[in-house]
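File shown: upload_29.txt (compact mmCIF, C-alpha atoms).
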# COMPACT_ATOMS: atom_id res chain seq x y z
CA MET A 1 69.66 11.99 -16.39
CA SER A 2 68.86 15.62 -16.32
CA LYS A 3 66.51 14.96 -19.15
CA PHE A 4 64.10 13.13 -16.84
CA THR A 5 64.31 15.40 -13.80
CA LYS A 6 63.42 18.36 -15.93
CA LYS A 7 60.10 16.85 -16.82
CA LYS A 8 59.21 16.12 -13.22
CA GLY A 9 59.50 19.78 -12.34
CA SER A 10 56.36 20.82 -14.22
CA GLU A 11 53.32 20.24 -11.99
CA LEU A 12 50.02 18.67 -12.94
CA PRO A 13 47.39 21.16 -14.06
CA PRO A 14 44.59 21.55 -11.48
CA VAL A 15 41.34 19.71 -12.17
CA ASN A 16 38.72 22.09 -13.41
CA THR A 17 35.90 22.17 -10.88
CA ALA A 18 33.80 24.82 -12.57
CA SER A 19 31.06 22.31 -13.44
CA LEU A 20 30.87 20.86 -9.95
CA PRO A 21 28.07 23.23 -8.82
CA ASP A 22 26.05 22.25 -11.87
CA ILE A 23 26.35 18.59 -11.08
CA VAL A 24 25.41 19.10 -7.47
CA PHE A 25 22.45 21.27 -8.42
CA MET A 26 21.29 18.57 -10.78
CA LEU A 27 21.38 16.05 -7.94
CA LEU A 28 19.62 18.51 -5.69
CA PHE A 29 16.77 19.05 -8.12
CA PHE A 30 16.47 15.32 -8.65
CA PHE A 31 16.01 14.74 -4.94
CA MET A 32 13.67 17.70 -4.55
CA THR A 33 11.34 16.36 -7.23
CA VAL A 34 11.24 12.65 -6.39
CA THR A 35 10.91 12.91 -2.61
CA VAL A 36 8.40 14.32 -0.19
CA MET A 37 9.00 15.92 3.17
CA LYS A 38 8.88 13.65 6.16
CA ASP A 39 5.96 14.70 8.30
CA SER A 40 6.87 12.67 11.33
CA SER A 41 9.84 10.67 12.40
CA LEU A 42 9.25 6.99 12.95
CA MET A 43 9.39 5.76 16.50
CA VAL A 44 8.41 2.20 15.66
CA GLU A 45 9.99 -0.54 13.59
CA ASN A 46 8.29 -0.36 10.25
CA VAL A 47 9.26 -3.11 7.86
CA LEU A 48 6.22 -3.47 5.65
CA PRO A 49 5.20 -6.80 4.17
CA ASN A 50 5.36 -7.47 0.44
CA ALA A 51 2.37 -7.77 -1.85
CA SER A 52 2.08 -8.09 -5.60
CA GLU A 53 -1.49 -6.91 -6.26
CA VAL A 54 -0.91 -3.36 -5.09
CA LYS A 55 -2.57 -0.16 -6.09
CA LYS A 56 -0.77 3.16 -5.92
CA LEU A 57 -1.98 5.68 -3.40
CA GLU A 58 -2.50 8.79 -5.49
CA LYS A 59 -2.95 12.25 -4.02
CA LYS A 60 -1.06 12.42 -0.75
CA ASP A 61 -3.31 15.12 0.70
CA ARG A 62 -6.11 12.58 1.00
CA VAL A 63 -4.22 10.07 3.07
CA LEU A 64 -3.97 9.72 6.84
CA TYR A 65 -1.22 7.54 8.20
CA ILE A 66 -1.28 5.16 11.14
CA TYR A 67 1.97 3.43 12.03
CA VAL A 68 2.12 0.19 13.99
CA GLY A 69 5.15 -1.76 15.14
CA THR A 70 7.43 -2.49 18.04
CA PRO A 71 9.08 0.66 19.43
CA THR A 72 12.61 1.30 18.19
CA ARG A 73 15.49 0.61 20.52
CA ASP A 74 15.57 4.11 22.01
CA TYR A 75 11.98 3.85 23.11
CA GLN A 76 11.94 0.23 24.20
CA LYS A 77 12.94 1.04 27.77
CA VAL A 78 9.90 3.23 28.22
CA PHE A 79 7.33 1.60 25.99
CA GLY A 80 8.31 -2.06 26.01
CA THR A 81 8.64 -4.42 23.10
CA GLU A 82 5.00 -5.09 22.30
CA PRO A 83 3.75 -3.53 19.04
CA ARG A 84 2.37 -0.05 19.56
CA ILE A 85 0.47 2.50 17.53
CA GLN A 86 2.12 5.73 16.47
CA LEU A 87 -0.05 8.66 15.49
CA ASN A 88 1.82 11.69 14.18
CA ASP A 89 4.72 12.06 16.58
CA LYS A 90 3.62 10.12 19.60
CA PHE A 91 2.60 6.71 20.80
CA ALA A 92 -1.10 6.19 21.29
CA SER A 93 -3.50 3.61 22.59
CA VAL A 94 -6.23 2.01 20.52
CA SER A 95 -8.94 4.22 21.99
CA GLU A 96 -7.18 7.36 20.68
CA VAL A 97 -7.33 6.26 17.05
CA GLY A 98 -10.91 7.43 16.57
CA ASP A 99 -10.24 10.90 17.96
CA PHE A 100 -7.10 11.18 15.86
CA ILE A 101 -9.03 10.40 12.68
CA LEU A 102 -11.75 12.90 13.54
CA ALA A 103 -9.20 15.62 14.36
CA GLU A 104 -7.21 15.02 11.18
CA ARG A 105 -10.36 14.90 9.12
CA ALA A 106 -11.48 18.25 10.50
CA LYS A 107 -8.18 19.79 9.37
CA LYS A 108 -8.74 18.84 5.75
CA PRO A 109 -10.73 21.00 3.36
CA GLN A 110 -14.45 20.31 3.20
CA GLU A 111 -14.45 18.68 -0.22
CA LEU A 112 -11.81 16.13 0.79
CA GLN A 113 -13.36 15.06 4.06
CA ASN A 114 -15.43 12.31 2.50
CA VAL A 115 -12.74 10.83 0.29
CA LEU A 116 -9.98 10.28 2.82
CA THR A 117 -8.07 7.03 2.91
CA THR A 118 -6.45 5.68 6.03
CA ALA A 119 -3.11 4.09 5.24
CA LEU A 120 -2.10 1.44 7.75
CA LYS A 121 1.66 1.14 7.80
CA VAL A 122 2.06 -1.94 9.88
CA ASP A 123 5.24 -3.82 10.65
CA LYS A 124 5.11 -7.36 9.33
CA ASN A 125 5.67 -8.84 12.76
CA ALA A 126 2.68 -7.17 14.38
CA ASN A 127 -0.24 -9.30 15.51
CA MET A 128 -3.63 -9.14 13.90
CA GLY A 129 -5.34 -8.53 17.25
CA LEU A 130 -4.11 -4.96 17.37
CA ILE A 131 -5.02 -4.42 13.72
CA ALA A 132 -8.51 -5.76 14.37
CA ASP A 133 -8.90 -3.29 17.25
CA ILE A 134 -7.77 -0.42 15.02
CA LYS A 135 -10.16 -1.47 12.29
CA GLN A 136 -12.99 -1.55 14.82
CA GLU A 137 -12.10 2.00 15.90
CA LEU A 138 -12.01 3.14 12.29
CA ARG A 139 -15.45 1.68 11.70
CA LYS A 140 -16.77 3.62 14.69
CA VAL A 141 -15.73 6.94 13.14
CA ASN A 142 -16.82 5.85 9.67
CA ALA A 143 -13.34 5.92 8.15
CA LEU A 144 -14.03 2.89 6.01
CA LYS A 145 -11.57 3.31 3.18
CA ILE A 146 -8.30 1.81 4.24
CA ASN A 147 -5.10 0.82 2.54
CA TYR A 148 -2.67 -1.73 3.87
CA THR A 149 0.53 -0.10 2.73
CA THR A 150 3.05 -2.66 1.50
CA TYR A 151 6.17 -2.93 -0.54
CA GLU A 152 5.82 -4.22 -4.04
CA GLY A 153 7.20 -7.70 -4.28
CA ASP A 154 6.51 -11.38 -4.00
CA ALA A 155 3.95 -11.95 -1.26
CA PHE A 156 5.29 -15.39 -0.39
CA ARG A 157 8.51 -13.87 0.90
CA ASN A 158 6.45 -12.71 3.90
CA VAL A 159 5.91 -16.15 5.28
CA GLN A 160 9.43 -17.50 5.10
CA MET B 1 42.90 52.78 -12.04
CA SER B 2 39.48 51.22 -11.66
CA ARG B 3 37.94 48.87 -14.26
CA ARG B 4 40.81 47.59 -16.20
CA GLY B 5 39.69 44.95 -18.63
CA GLY B 6 35.99 44.77 -17.74
CA PRO B 7 34.20 44.13 -14.41
CA PRO B 8 35.90 41.81 -11.87
CA GLU B 9 34.81 38.19 -11.87
CA VAL B 10 32.57 37.02 -9.05
CA ASN B 11 34.21 34.24 -7.14
CA ALA B 12 31.99 31.21 -7.56
CA GLY B 13 34.21 28.81 -5.69
CA SER B 14 31.84 28.44 -2.75
CA MET B 15 28.84 27.75 -4.93
CA ALA B 16 29.50 24.02 -4.79
CA ASP B 17 29.57 24.15 -1.00
CA ILE B 18 26.24 25.93 -0.87
CA ALA B 19 24.69 23.46 -3.27
CA PHE B 20 26.07 20.54 -1.27
CA LEU B 21 24.57 21.99 1.87
CA LEU B 22 21.14 22.21 0.25
CA LEU B 23 21.49 18.72 -1.18
CA ILE B 24 22.33 17.24 2.19
CA PHE B 25 19.43 19.08 3.79
CA PHE B 26 16.98 17.57 1.32
CA LEU B 27 18.53 14.14 1.61
CA VAL B 28 18.04 14.17 5.35
CA THR B 29 14.54 15.60 5.57
CA THR B 30 12.84 13.69 2.79
CA THR B 31 11.92 10.11 2.10
CA ILE B 32 11.19 8.24 -1.08
CA GLU B 33 7.69 7.13 -0.22
CA THR B 34 6.48 3.58 -0.59
CA ASP B 35 2.90 4.49 -1.11
CA ALA B 36 1.31 1.49 -2.64
CA GLY B 37 -0.79 -1.13 -1.01
CA LEU B 38 -3.95 -3.18 -0.89
CA ASP B 39 -7.12 -1.11 -0.87
CA ARG B 40 -9.92 -2.38 1.33
CA MET B 41 -13.31 -1.15 2.44
CA LEU B 42 -14.40 -1.82 6.00
CA PRO B 43 -18.03 -2.72 6.59
CA PRO B 44 -20.11 0.11 8.08
CA MET B 45 -20.81 -0.04 11.80
CA ASP B 46 -24.59 -0.07 11.58
CA PRO B 47 -25.89 -3.23 10.00
CA PRO B 48 -28.18 -2.62 7.04
CA GLU B 49 -31.94 -3.00 7.51
CA ASP B 50 -32.44 -6.21 5.59
CA ILE B 51 -30.42 -8.24 7.99
CA ASP B 52 -32.26 -11.50 7.40
CA VAL B 53 -30.73 -12.26 4.01
CA VAL B 54 -30.15 -15.95 3.76
CA ILE B 55 -26.87 -16.92 2.09
CA LYS B 56 -26.49 -20.49 1.00
CA GLN B 57 -23.55 -22.26 2.52
CA LYS B 58 -22.26 -23.26 -0.90
CA ASN B 59 -21.91 -19.61 -1.89
CA ILE B 60 -19.52 -18.91 0.97
CA PHE B 61 -15.83 -19.69 0.65
CA THR B 62 -14.40 -19.78 4.13
CA VAL B 63 -10.76 -19.04 4.80
CA ASN B 64 -9.50 -19.44 8.34
CA ILE B 65 -6.01 -18.45 9.46
CA ASN B 66 -4.83 -19.80 12.78
CA LYS B 67 -2.24 -18.26 15.05
CA SER B 68 0.69 -20.16 13.59
CA GLY B 69 -0.22 -19.06 10.08
CA GLN B 70 -1.86 -22.26 8.81
CA LEU B 71 -4.81 -22.01 6.47
CA LEU B 72 -8.11 -23.82 6.70
CA VAL B 73 -9.91 -23.34 3.40
CA GLU B 74 -13.38 -24.87 3.13
CA GLU B 75 -12.57 -27.14 6.09
CA GLU B 76 -9.37 -28.38 4.46
CA LEU B 77 -5.82 -27.64 5.50
CA THR B 78 -4.34 -25.80 2.53
CA ASN B 79 -0.98 -24.51 1.48
CA LEU B 80 -0.80 -20.75 0.91
CA LYS B 81 0.37 -21.31 -2.64
CA ASP B 82 -2.82 -23.20 -3.56
CA LEU B 83 -5.16 -20.56 -2.15
CA ARG B 84 -5.35 -18.45 -5.28
CA LYS B 85 -6.24 -21.40 -7.49
CA LYS B 86 -8.90 -22.58 -5.07
CA ALA B 87 -10.45 -19.14 -4.76
CA MET B 88 -10.48 -18.76 -8.53
CA SER B 89 -12.19 -22.08 -9.13
CA PHE B 90 -14.77 -21.16 -6.49
CA LEU B 91 -15.51 -17.73 -7.98
CA ASP B 92 -15.51 -18.98 -11.54
CA ASN B 93 -17.70 -21.99 -10.84
CA GLY B 94 -21.10 -20.80 -12.12
CA GLY B 95 -23.05 -23.65 -10.55
CA ASP B 96 -26.59 -22.66 -11.57
CA GLY B 97 -25.72 -21.99 -15.21
CA THR B 98 -26.73 -18.29 -15.15
CA CYS B 99 -23.17 -17.15 -15.66
CA ASN B 100 -22.39 -17.29 -19.36
CA TYR B 101 -18.77 -16.09 -19.12
CA CYS B 102 -17.67 -18.50 -16.40
CA ARG B 103 -15.29 -21.25 -17.36
CA GLY B 104 -15.46 -23.21 -14.13
CA ARG B 105 -16.53 -26.77 -13.54
CA LYS B 106 -20.22 -25.88 -12.96
CA ASP B 107 -20.11 -27.90 -9.78
CA ALA B 108 -23.54 -27.82 -8.12
CA SER B 109 -22.02 -27.95 -4.65
CA SER B 110 -19.93 -24.80 -5.18
CA SER B 111 -20.92 -21.17 -5.88
CA ASP B 112 -23.93 -20.38 -8.09
CA ASN B 113 -22.73 -17.20 -9.74
CA PRO B 114 -19.77 -14.82 -9.27
CA SER B 115 -22.18 -12.12 -8.11
CA LYS B 116 -23.38 -14.37 -5.30
CA ALA B 117 -20.03 -15.82 -4.30
CA ILE B 118 -18.70 -14.49 -1.02
CA ILE B 119 -15.27 -15.07 0.44
CA SER B 120 -15.28 -15.06 4.20
CA LEU B 121 -11.93 -14.44 5.86
CA LYS B 122 -11.42 -15.13 9.51
CA ASN B 123 -8.23 -14.83 11.49
CA ASP B 124 -6.92 -15.27 14.97
CA ARG B 125 -5.77 -12.39 17.14
CA GLU B 126 -2.28 -13.80 17.19
CA THR B 127 -1.97 -14.26 13.44
CA LYS B 128 1.06 -12.46 12.04
CA TYR B 129 0.26 -9.41 9.97
CA ALA B 130 2.57 -10.63 7.21
CA THR B 131 0.57 -13.85 6.84
CA TYR B 132 -2.67 -11.93 6.76
CA ILE B 133 -1.37 -9.65 4.01
CA THR B 134 -0.21 -12.64 1.99
CA VAL B 135 -3.69 -14.17 2.21
CA GLN B 136 -5.33 -10.87 1.31
CA ASN B 137 -2.92 -10.53 -1.58
CA GLU B 138 -3.79 -13.98 -2.90
CA LEU B 139 -7.53 -13.34 -2.66
CA VAL B 140 -7.26 -9.98 -4.41
CA GLY B 141 -5.00 -11.71 -6.92
CA ALA B 142 -7.71 -14.31 -7.61
CA TYR B 143 -10.20 -11.56 -8.40
CA ASN B 144 -7.68 -9.68 -10.49
CA GLU B 145 -6.78 -12.72 -12.56
CA LEU B 146 -10.42 -13.43 -13.36
CA ARG B 147 -11.08 -9.78 -14.14
CA ASN B 148 -8.01 -9.64 -16.35
CA ARG B 149 -9.27 -12.64 -18.25
CA GLU B 150 -12.64 -11.00 -18.92
CA ALA B 151 -11.02 -7.66 -19.78
CA GLN B 152 -8.76 -9.40 -22.26
CA ARG B 153 -11.79 -11.07 -23.83
CA LEU B 154 -13.90 -7.90 -24.03
CA TYR B 155 -11.37 -5.11 -24.54
CA GLY B 156 -8.10 -6.83 -25.31
CA ARG B 157 -6.16 -5.46 -22.36
CA ASP B 158 -5.63 -6.18 -18.68
CA PHE B 159 -8.10 -4.97 -16.08
CA THR B 160 -5.40 -4.01 -13.60
CA GLU B 161 -3.73 -1.83 -16.20
CA MET B 162 -7.05 -0.20 -17.12
CA GLU B 163 -7.85 0.47 -13.49
CA ALA B 164 -4.43 1.95 -12.79
CA GLN B 165 -4.84 4.27 -15.76
CA TYR B 166 -8.33 5.21 -14.63
CA LEU B 167 -7.14 6.03 -11.10
CA ASN B 168 -4.11 7.97 -12.26
CA PRO B 169 -4.90 11.70 -11.93
CA GLU B 170 -2.66 12.49 -14.88
CA THR B 171 -4.87 10.64 -17.36
CA ALA B 172 -6.91 12.91 -19.63
CA SER B 173 -10.55 13.14 -18.58
CA SER B 174 -11.86 11.95 -21.97
CA ILE B 175 -9.93 8.70 -21.58
CA ARG B 176 -11.04 8.45 -17.96
CA ASP B 177 -14.74 8.65 -18.86
CA ASP B 178 -14.29 5.95 -21.44
CA LEU B 179 -12.41 3.74 -18.98
CA LYS B 180 -14.92 4.27 -16.21
CA ASP B 181 -17.67 2.30 -17.94
CA LYS B 182 -15.31 -0.50 -18.89
CA VAL B 183 -13.83 -0.77 -15.41
CA GLN B 184 -17.28 -0.80 -13.85
CA ARG B 185 -18.52 -3.43 -16.25
CA ILE B 186 -15.65 -5.77 -15.43
CA GLN B 187 -16.10 -5.11 -11.72
CA GLU B 188 -19.75 -6.15 -12.03
CA LEU B 189 -18.79 -9.40 -13.71
CA PHE B 190 -16.68 -10.36 -10.71
CA PRO B 191 -17.71 -8.17 -7.79
CA GLN B 192 -15.29 -8.27 -4.89
CA LYS B 193 -17.21 -9.67 -1.95
CA LEU B 194 -14.75 -10.25 0.81
CA SER B 195 -16.26 -10.42 4.23
CA GLU B 196 -14.14 -10.28 7.33
CA ALA B 197 -15.58 -11.61 10.52
CA GLU B 198 -14.38 -10.23 13.81
CA THR B 199 -11.20 -11.92 14.91
CA SER B 200 -11.53 -14.80 17.30
CA SER B 201 -9.29 -15.11 20.28
CA SER B 202 -7.39 -18.33 20.65
CA LYS B 203 -8.74 -19.06 24.11
Any chance you could give the structure as structure tokens?
Amino acid sequence: MSKFTKKKGSELPPVNTASLPDIVFMLLFFFMTVTVMKDSSLMVENVLPNASEVKKLEKKDRVLYIYVGTPTRDYQKVFGTEPRIQLNDKFASVSEVGDFILAERAKKPQELQNVLTTALKVDKNANMGLIADIKQELRKVNALKINYTTYEGDAFRNVQ
Amino acid sequence: MSRRGGPPEVNAGSMADIAFLLLIFFLVTTTIETDAGLDRMLPPMDPPEDIDVVIKQKNIFTVNINKSGQLLVEEELTNLKDLRKKAMSFLDNGGDGTCNYCRGRKDASSSDNPSKAIISLKNDRETKYATYITVQNELVGAYNELRNREAQRLYGRDFTEMEAQYLNPETASSIRDDLKDKVQRIQELFPQKLSEAETSSSK
């Protein structure tokens, strides 16, 4: 009997954690390289539709973002449940879109001002009326290059 | 007394904690972007001077989306899944025989030439955005399929792949210059003419 109890007395050796920092640093560098900083927090629902014939938006410094969707739950009490436009960090009306584009365009370096793309990140449940109004505003300020940002996937999943 | 057996070891036990802190910071503040989508050009605000261009009705392919997401294509109720095929047969028709690469039916009552064929898209104000994107996707897909076919015939590779490589800023400039001519040539064979009328209200 004493044969067995003797063995139990010796404790397990501690797990060597010396390589833990290396692993975590590896993860850290992975995330630092594949992600970009969030420039604004989303205040609207933003589930994009799917499309299969997509083109990648290269060069992030040439893109202006317009978000459209119903306000998230925190904001619904104040802003209602109809789809709204979000520019940078605040809700905006359609008439402010033109000024926003002009202001953002002025911030960009001279050589980029003519090659800017406006990315419309629109929730799939938004109505086309609002989009049509935004497009009309964009035409007024001559921001003609637009991109309907979508997820890559089967487009027919949108209509189910 | 001091320094017995070399310098003392630095305690690196908290290094993992520091690294975790940084990792969590980056996880919270960053997003993996979904930056891909359908590129479109809006028409300029001022109409061009030669406004009185007459376009024959047979060269226009009308697509109407109503507020419940149904499609009216060339005055016919159409399923979304058939839209791409219909658009392709319209673009590829080559009715007047001037298009030597078209493989369509050469129907005299459909489009004359891909360079004259215009797709007109009209939607209601209450149309769902998702439906609109699906329709846009199918129309762009129709162009892409035809362009791919011609690119395969002329250069032995897909147009979409060539274009993606051309637009990629990491491609070497010598390859880009070579691709530019090819991409432009294919684009001229099937120019994307997608006109969007102002949305109608349902009232």
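You can rank A:Leu28, A:Leu138, A:Ala18, A:Val54 by their closest distance to Ala36 in chain B using only C-alpha atoms, and at the top of that list sits A:Val54.
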Where does chain A meet chain B within 8 Å, residue by residue, with the nearest atom pair and distance in Å to one decimal for each, counting only C-alpha atoms, listed by chain and rising number, as CSV?
residue,atom,partner,partner_atom,distance
A:Ala18,CA,B:Gly13,CA,8.0
A:Leu20,CA,B:Ala16,CA,6.2
A:Pro21,CA,B:Ala16,CA,4.3
A:Val24,CA,B:Ala19,CA,6.1
A:Phe25,CA,B:Ala19,CA,6.0
A:Leu27,CA,B:Leu23,CA,7.3
A:Leu28,CA,B:Leu23,CA,4.9
A:Phe31,CA,B:Phe26,CA,6.9
A:Met32,CA,B:Phe26,CA,6.7
A:Val34,CA,B:Ile32,CA,6.9
A:Thr35,CA,B:Ile32,CA,4.9
A:Val36,CA,B:Thr30,CA,5.4
A:Met37,CA,B:Thr30,CA,4.5
A:Lys38,CA,B:Thr30,CA,5.2
A:Pro49,CA,B:Ala130,CA,5.6
A:Asn50,CA,B:Thr134,CA,7.8
A:Ala51,CA,B:Asn137,CA,6.0
A:Ser52,CA,B:Asn137,CA,6.9
A:Glu53,CA,B:Gly141,CA,6.0
A:Val54,CA,B:Gly37,CA,4.7
A:Lys55,CA,B:Ala36,CA,5.4
A:Lys56,CA,B:Ala36,CA,4.2
A:Leu57,CA,B:Ala36,CA,5.4
A:Glu58,CA,B:Asn168,CA,7.0
A:Val122,CA,B:Tyr129,CA,7.7
A:Asp123,CA,B:Tyr129,CA,7.5
A:Lys124,CA,B:Ala130,CA,4.7
A:Asn125,CA,B:Lys128,CA,5.9
A:Ala126,CA,B:Tyr129,CA,5.5
A:Asn127,CA,B:Lys128,CA,4.9
A:Met128,CA,B:Arg125,CA,5.1
A:Gly129,CA,B:Arg125,CA,3.9
A:Leu130,CA,B:Arg125,CA,7.6
A:Ala132,CA,B:Thr199,CA,6.7
A:Lys135,CA,B:Leu42,CA,7.6
A:Arg139,CA,B:Met45,CA,5.6
A:Lys140,CA,B:Met45,CA,6.2
A:Asn142,CA,B:Pro44,CA,6.8
A:Leu144,CA,B:Leu42,CA,4.7
A:Lys145,CA,B:Met41,CA,4.8
A:Ile146,CA,B:Arg40,CA,5.4
A:Asn147,CA,B:Asp39,CA,4.4
A:Tyr148,CA,B:Leu38,CA,5.1
A:Thr149,CA,B:Gly37,CA,4.1
A:Thr150,CA,B:Gly37,CA,4.8
A:Tyr151,CA,B:Thr34,CA,6.5
A:Glu152,CA,B:Ala36,CA,7.4
A:Ala155,CA,B:Thr134,CA,5.3
A:Phe156,CA,B:Thr134,CA,6.6
A:Asn158,CA,B:Ala130,CA,5.5
A:Val159,CA,B:Thr131,CA,6.0
_Just want the 12 Å neighbourhood of Leu112 in chain A, counted on all atoms listed in the file, with same-chain residues fewer than 5 positions away dropped. Output as a list in words._
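Residues near the query, excluding close chain neighbours: Lys59, Lys60, Asp61, Arg62, Val63, Leu64, Glu104, Arg105, Ala106, Lys107 and Thr117 of chain A.
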- Would you mind reading off the distance between CA of Asp89 in chain A and CA of Leu116 in chain A, one decimal, in Å?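 Result for CA of Asp89 in chain A versus CA of Leu116 in chain A: 20.2 Å, one decimal.
Separating CA of Glu76 in chain B from CA of Leu91 in chain B is a distance of 17.5 Å.
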Here CA of Phe190 in chain B and CA of Lys116 in chain B stand apart by 9.5 Å
Would you kindly return, as a VMD selection string, each protein, DNA or RNA residue with an atom no farther than 10 Å from any atom of Thr81 in chain A, considering all atoms listed in the file and excluding same-chain residues fewer than 3 positions away? chain A and resid 44 69 to 73 75 to 78 84
Would you mind writing range 137-159 of chain B with N, CA and C atoms, as a CSV table (one decimal), keeping the file's coordinate frame?
chain,number,residue,atom,x,y,z
B,137,ASN,N,-3.5,-10.7,-0.3
B,137,ASN,CA,-2.9,-10.5,-1.6
B,137,ASN,C,-3.4,-11.6,-2.5
B,138,GLU,N,-3.4,-12.9,-2.0
B,138,GLU,CA,-3.8,-14.0,-2.9
B,138,GLU,C,-5.3,-13.9,-3.3
B,139,LEU,N,-6.1,-13.4,-2.4
B,139,LEU,CA,-7.5,-13.3,-2.7
B,139,LEU,C,-7.8,-12.2,-3.7
B,140,VAL,N,-7.1,-11.1,-3.4
B,140,VAL,CA,-7.3,-10.0,-4.4
B,140,VAL,C,-6.7,-10.4,-5.8
B,141,GLY,N,-5.6,-11.2,-5.7
B,141,GLY,CA,-5.0,-11.7,-6.9
B,141,GLY,C,-6.0,-12.6,-7.7
B,142,ALA,N,-6.7,-13.4,-7.0
B,142,ALA,CA,-7.7,-14.3,-7.6
B,142,ALA,C,-8.7,-13.5,-8.4
B,143,TYR,N,-9.2,-12.4,-7.7
B,143,TYR,CA,-10.2,-11.6,-8.4
B,143,TYR,C,-9.6,-10.9,-9.6
B,144,ASN,N,-8.3,-10.4,-9.4
B,144,ASN,CA,-7.7,-9.7,-10.5
B,144,ASN,C,-7.4,-10.6,-11.7
B,145,GLU,N,-7.1,-11.8,-11.4
B,145,GLU,CA,-6.8,-12.7,-12.6
B,145,GLU,C,-8.0,-13.0,-13.4
B,146,LEU,N,-9.2,-13.2,-12.7
B,146,LEU,CA,-10.4,-13.4,-13.4
B,146,LEU,C,-10.9,-12.2,-14.1
B,147,ARG,N,-10.7,-11.0,-13.5
B,147,ARG,CA,-11.1,-9.8,-14.1
B,147,ARG,C,-10.2,-9.5,-15.4
B,148,ASN,N,-8.9,-9.8,-15.2
B,148,ASN,CA,-8.0,-9.6,-16.4
B,148,ASN,C,-8.4,-10.5,-17.5
B,149,ARG,N,-8.9,-11.7,-17.2
B,149,ARG,CA,-9.3,-12.6,-18.2
B,149,ARG,C,-10.5,-12.1,-19.0
B,150,GLU,N,-11.5,-11.6,-18.3
B,150,GLU,CA,-12.6,-11.0,-18.9
B,150,GLU,C,-12.3,-9.7,-19.7
B,151,ALA,N,-11.4,-8.9,-19.1
B,151,ALA,CA,-11.0,-7.7,-19.8
B,151,ALA,C,-10.3,-8.0,-21.1
B,152,GLN,N,-9.5,-9.0,-21.0
B,152,GLN,CA,-8.8,-9.4,-22.3
B,152,GLN,C,-9.8,-9.8,-23.3
B,153,ARG,N,-10.8,-10.6,-22.9
B,153,ARG,CA,-11.8,-11.1,-23.8
B,153,ARG,C,-12.6,-9.9,-24.4
B,154,LEU,N,-13.0,-8.9,-23.6
B,154,LEU,CA,-13.9,-7.9,-24.0
B,154,LEU,C,-13.2,-6.7,-24.7
B,155,TYR,N,-12.0,-6.3,-24.1
B,155,TYR,CA,-11.4,-5.1,-24.5
B,155,TYR,C,-9.9,-5.3,-25.0
B,156,GLY,N,-9.4,-6.5,-24.8
B,156,GLY,CA,-8.1,-6.8,-25.3
B,156,GLY,C,-7.0,-6.2,-24.5
B,157,ARG,N,-7.2,-5.9,-23.2
B,157,ARG,CA,-6.2,-5.5,-22.4
B,157,ARG,C,-6.5,-5.8,-20.9
B,158,ASP,N,-5.5,-5.7,-20.1
B,158,ASP,CA,-5.6,-6.2,-18.7
B,158,ASP,C,-6.5,-5.2,-17.9
B,159,PHE,N,-7.3,-5.8,-17.0
B,159,PHE,CA,-8.1,-5.0,-16.1
B,159,PHE,C,-7.3,-4.1,-15.1
